[in-house]
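Notes to accompany the following structure.
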Amino acid sequence: MKKFTKYLMIFALVFGLTLSLTMALLTDTTSSATNVFTSSRGIDIELREPAWDGYDFSEAWPGGTSPKSDDVTLGYNIANEYLPGDTVPKDPTIKAMTGSDNTYVAMKLTYKVNDVVVPYATFATYLRDDSIVFDTGAAVDEWSNESTVPANNDFFVFNSYLVADSAQATTSPLFTQVLISFGLVPDGSGNLPKLEIDATAYGVQISLPAGTDKATALKTLAGYPAP
């Protein structure tokens, strides 16, 4: 028993010595390095159709509810009482406004007949030559058809990014006119079909996550399902 007690006391002394040495290590702690990231940058784009309603990018837009004037050459005024075979000016265009960061842009089109959303193929039957001529191609100042189904003609991405306050601030019009079919006939109430093309513009910064292209980023912004 005495021998055991002796060993126990030695262990206790050694343990106590080790603890004491550990607690006596030299230490130091720096103050926190505060790094604040702030920014006032952002995307600011506008959509205008000057040949349709007379409003350009220098003016406040009333939201498409009325034309700027009663000018009979404006698409809005022609479409309000159109005749079969009419040519209706309509030129949807996007601009990066002053202060906007560089931006990729896209336009989504929704087609309606008598207030019902229809696919482009249906809408085109009300048009001359069954089509709208879109400004698509490979040039930097043209558009790419990025519709999930290309024939739907409902989503277009501008090939180049926009730079505010420069010659590269504005897209070309996606199209410039709508040609109404000569074959339309009034219904029983004497009314021709109500035709509508709604255009919505989208913009996204040009620095994108690795593996994400501009079309995917813009379609995601527009609410399309992920590929």
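Letters A, B, ... go to the chains of the structure tokens in the order shown; residues in each chain start at 1; ligands are counted from 1 in the same order.
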(request) Name all residues at most 9 Å from Asp165 (chain A) (count only C-alpha atoms; drop same-chain ones fewer than 3 positions away) and give them as a list of chain:residue names. (result) A:Ala96, A:Met97, A:Thr98, A:Gly99, A:Ser100, A:Gln168, A:Ala169
(request) Could you pull out the residues in region 26-192 of chain A that DSSP calls helix (DSSP H, G or I) from the backbone, as number ranges by chain? (result) A: 50-53, 75-80, 120-126, 128-130, 150-152
Using only C-alpha atoms, which residues of region 133-156 of chain A come within 8 Å of region 104-118 of chain A, and what is the closest atom pair for each, with the distance in Å to one decimal? Give it as a tab-separated table, sorted by chain and residue number.
```
residue	atom	partner	partner_atom	distance
A:Asn153	CA	A:Leu109	CA	7.5
A:Asp154	CA	A:Leu109	CA	4.7
A:Phe155	CA	A:Lys108	CA	4.6
A:Phe156	CA	A:Met107	CA	5.3
```
Writer output for current selection, C-alpha atoms, as a PDB file, in the first residue's frame:
```pdb
ATOM      1  CA  ASN A 153     -39.824  32.581 -81.332  1.00  0.00           C
ATOM      2  CA  ASP A 154     -40.408  33.654 -77.725  1.00  0.00           C
ATOM      3  CA  PHE A 155     -36.916  34.359 -76.328  1.00  0.00           C
ATOM      4  CA  PHE A 156     -34.093  36.264 -78.012  1.00  0.00           C
TER       5      PHE A 156
END
```
Under the rule of at most 10 Å, produce a per-residue listing of region 130-218 of chain A near region 42-57 of chain A: chain, number, name, the closest pair of atoms, and the distance in Å, as a tab-separated table, using only C-alpha atoms.
```
residue	atom	partner	partner_atom	distance
A:Leu162	CA	A:Ile45	CA	9.4
A:Ala164	CA	A:Asp44	CA	9.1
A:Ala169	CA	A:Ile45	CA	9.6
A:Thr170	CA	A:Ile45	CA	9.5
A:Thr171	CA	A:Leu47	CA	10.0
A:Pro173	CA	A:Glu49	CA	8.4
A:Thr176	CA	A:Ala51	CA	8.0
A:Gln177	CA	A:Ala51	CA	8.8
A:Ala199	CA	A:Leu47	CA	8.5
A:Thr200	CA	A:Leu47	CA	7.6
A:Ala201	CA	A:Leu47	CA	6.4
A:Tyr202	CA	A:Ile45	CA	7.9
A:Gly203	CA	A:Ile43	CA	6.8
A:Val204	CA	A:Ile43	CA	7.0
A:Gln205	CA	A:Ile43	CA	7.0
```
Using only C-alpha atoms, which protein or nucleic acid residues come within 9 Å of Thr136 (chain A)? Drop anything in the same chain fewer than 2 positions from it, and give the result as a PDB file with N, CA and C atoms, in the first residue's frame.
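Result saved to part.pdb:
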```pdb
ATOM      1  N   VAL A 133     -40.365  39.100 -89.354  1.00  0.00           N
ATOM      2  CA  VAL A 133     -38.951  39.054 -89.711  1.00  0.00           C
ATOM      3  C   VAL A 133     -38.133  39.544 -88.512  1.00  0.00           C
ATOM      4  N   PHE A 134     -37.468  38.607 -87.827  1.00  0.00           N
ATOM      5  CA  PHE A 134     -36.641  38.948 -86.673  1.00  0.00           C
ATOM      6  C   PHE A 134     -35.217  39.263 -87.122  1.00  0.00           C
ATOM      7  N   ALA A 138     -25.459  36.231 -86.804  1.00  0.00           N
ATOM      8  CA  ALA A 138     -24.232  36.042 -86.030  1.00  0.00           C
ATOM      9  C   ALA A 138     -23.503  37.344 -85.712  1.00  0.00           C
ATOM     10  N   ALA A 139     -23.905  38.443 -86.333  1.00  0.00           N
ATOM     11  CA  ALA A 139     -23.213  39.717 -86.109  1.00  0.00           C
ATOM     12  C   ALA A 139     -23.438  40.226 -84.692  1.00  0.00           C
ATOM     13  N   GLU A 142     -26.804  41.862 -83.856  1.00  0.00           N
ATOM     14  CA  GLU A 142     -27.996  41.086 -84.158  1.00  0.00           C
ATOM     15  C   GLU A 142     -28.373  40.232 -82.953  1.00  0.00           C
ATOM     16  N   TRP A 143     -29.486  39.524 -83.089  1.00  0.00           N
ATOM     17  CA  TRP A 143     -30.032  38.718 -82.001  1.00  0.00           C
ATOM     18  C   TRP A 143     -29.890  37.231 -82.294  1.00  0.00           C
ATOM     19  N   SER A 144     -29.873  36.421 -81.233  1.00  0.00           N
ATOM     20  CA  SER A 144     -29.897  34.967 -81.359  1.00  0.00           C
ATOM     21  C   SER A 144     -31.206  34.444 -80.801  1.00  0.00           C
ATOM     22  N   ASN A 145     -31.831  33.538 -81.535  1.00  0.00           N
ATOM     23  CA  ASN A 145     -33.065  32.913 -81.075  1.00  0.00           C
ATOM     24  C   ASN A 145     -32.706  31.835 -80.065  1.00  0.00           C
ATOM     25  N   PHE A 156     -35.228  35.860 -77.176  1.00  0.00           N
ATOM     26  CA  PHE A 156     -34.093  36.264 -78.012  1.00  0.00           C
ATOM     27  C   PHE A 156     -33.042  36.968 -77.149  1.00  0.00           C
ATOM     28  N   PHE A 158     -29.497  39.306 -77.238  1.00  0.00           N
ATOM     29  CA  PHE A 158     -28.667  40.168 -78.089  1.00  0.00           C
ATOM     30  C   PHE A 158     -27.240  39.649 -78.046  1.00  0.00           C
ATOM     31  N   LEU A 174     -35.560  44.244 -82.317  1.00  0.00           N
ATOM     32  CA  LEU A 174     -35.691  42.815 -82.560  1.00  0.00           C
ATOM     33  C   LEU A 174     -36.458  42.562 -83.866  1.00  0.00           C
TER      34      LEU A 174
END
```
(request) Point out the residue among A:Leu83, A:Ala60, A:Leu26, A:Ala222 with the least atom-to-atom distance to Leu179 (chain A), counting only C-alpha atoms. (result)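 Answer, going by the shortest atom-to-atom distance: A:Leu83.
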(request) Could you check which of A:Asn152, A:Ser39, A:Thr216, A:Asn191 is closest to Pro84 (chain A), using only C-alpha atoms? (result) A:Asn191
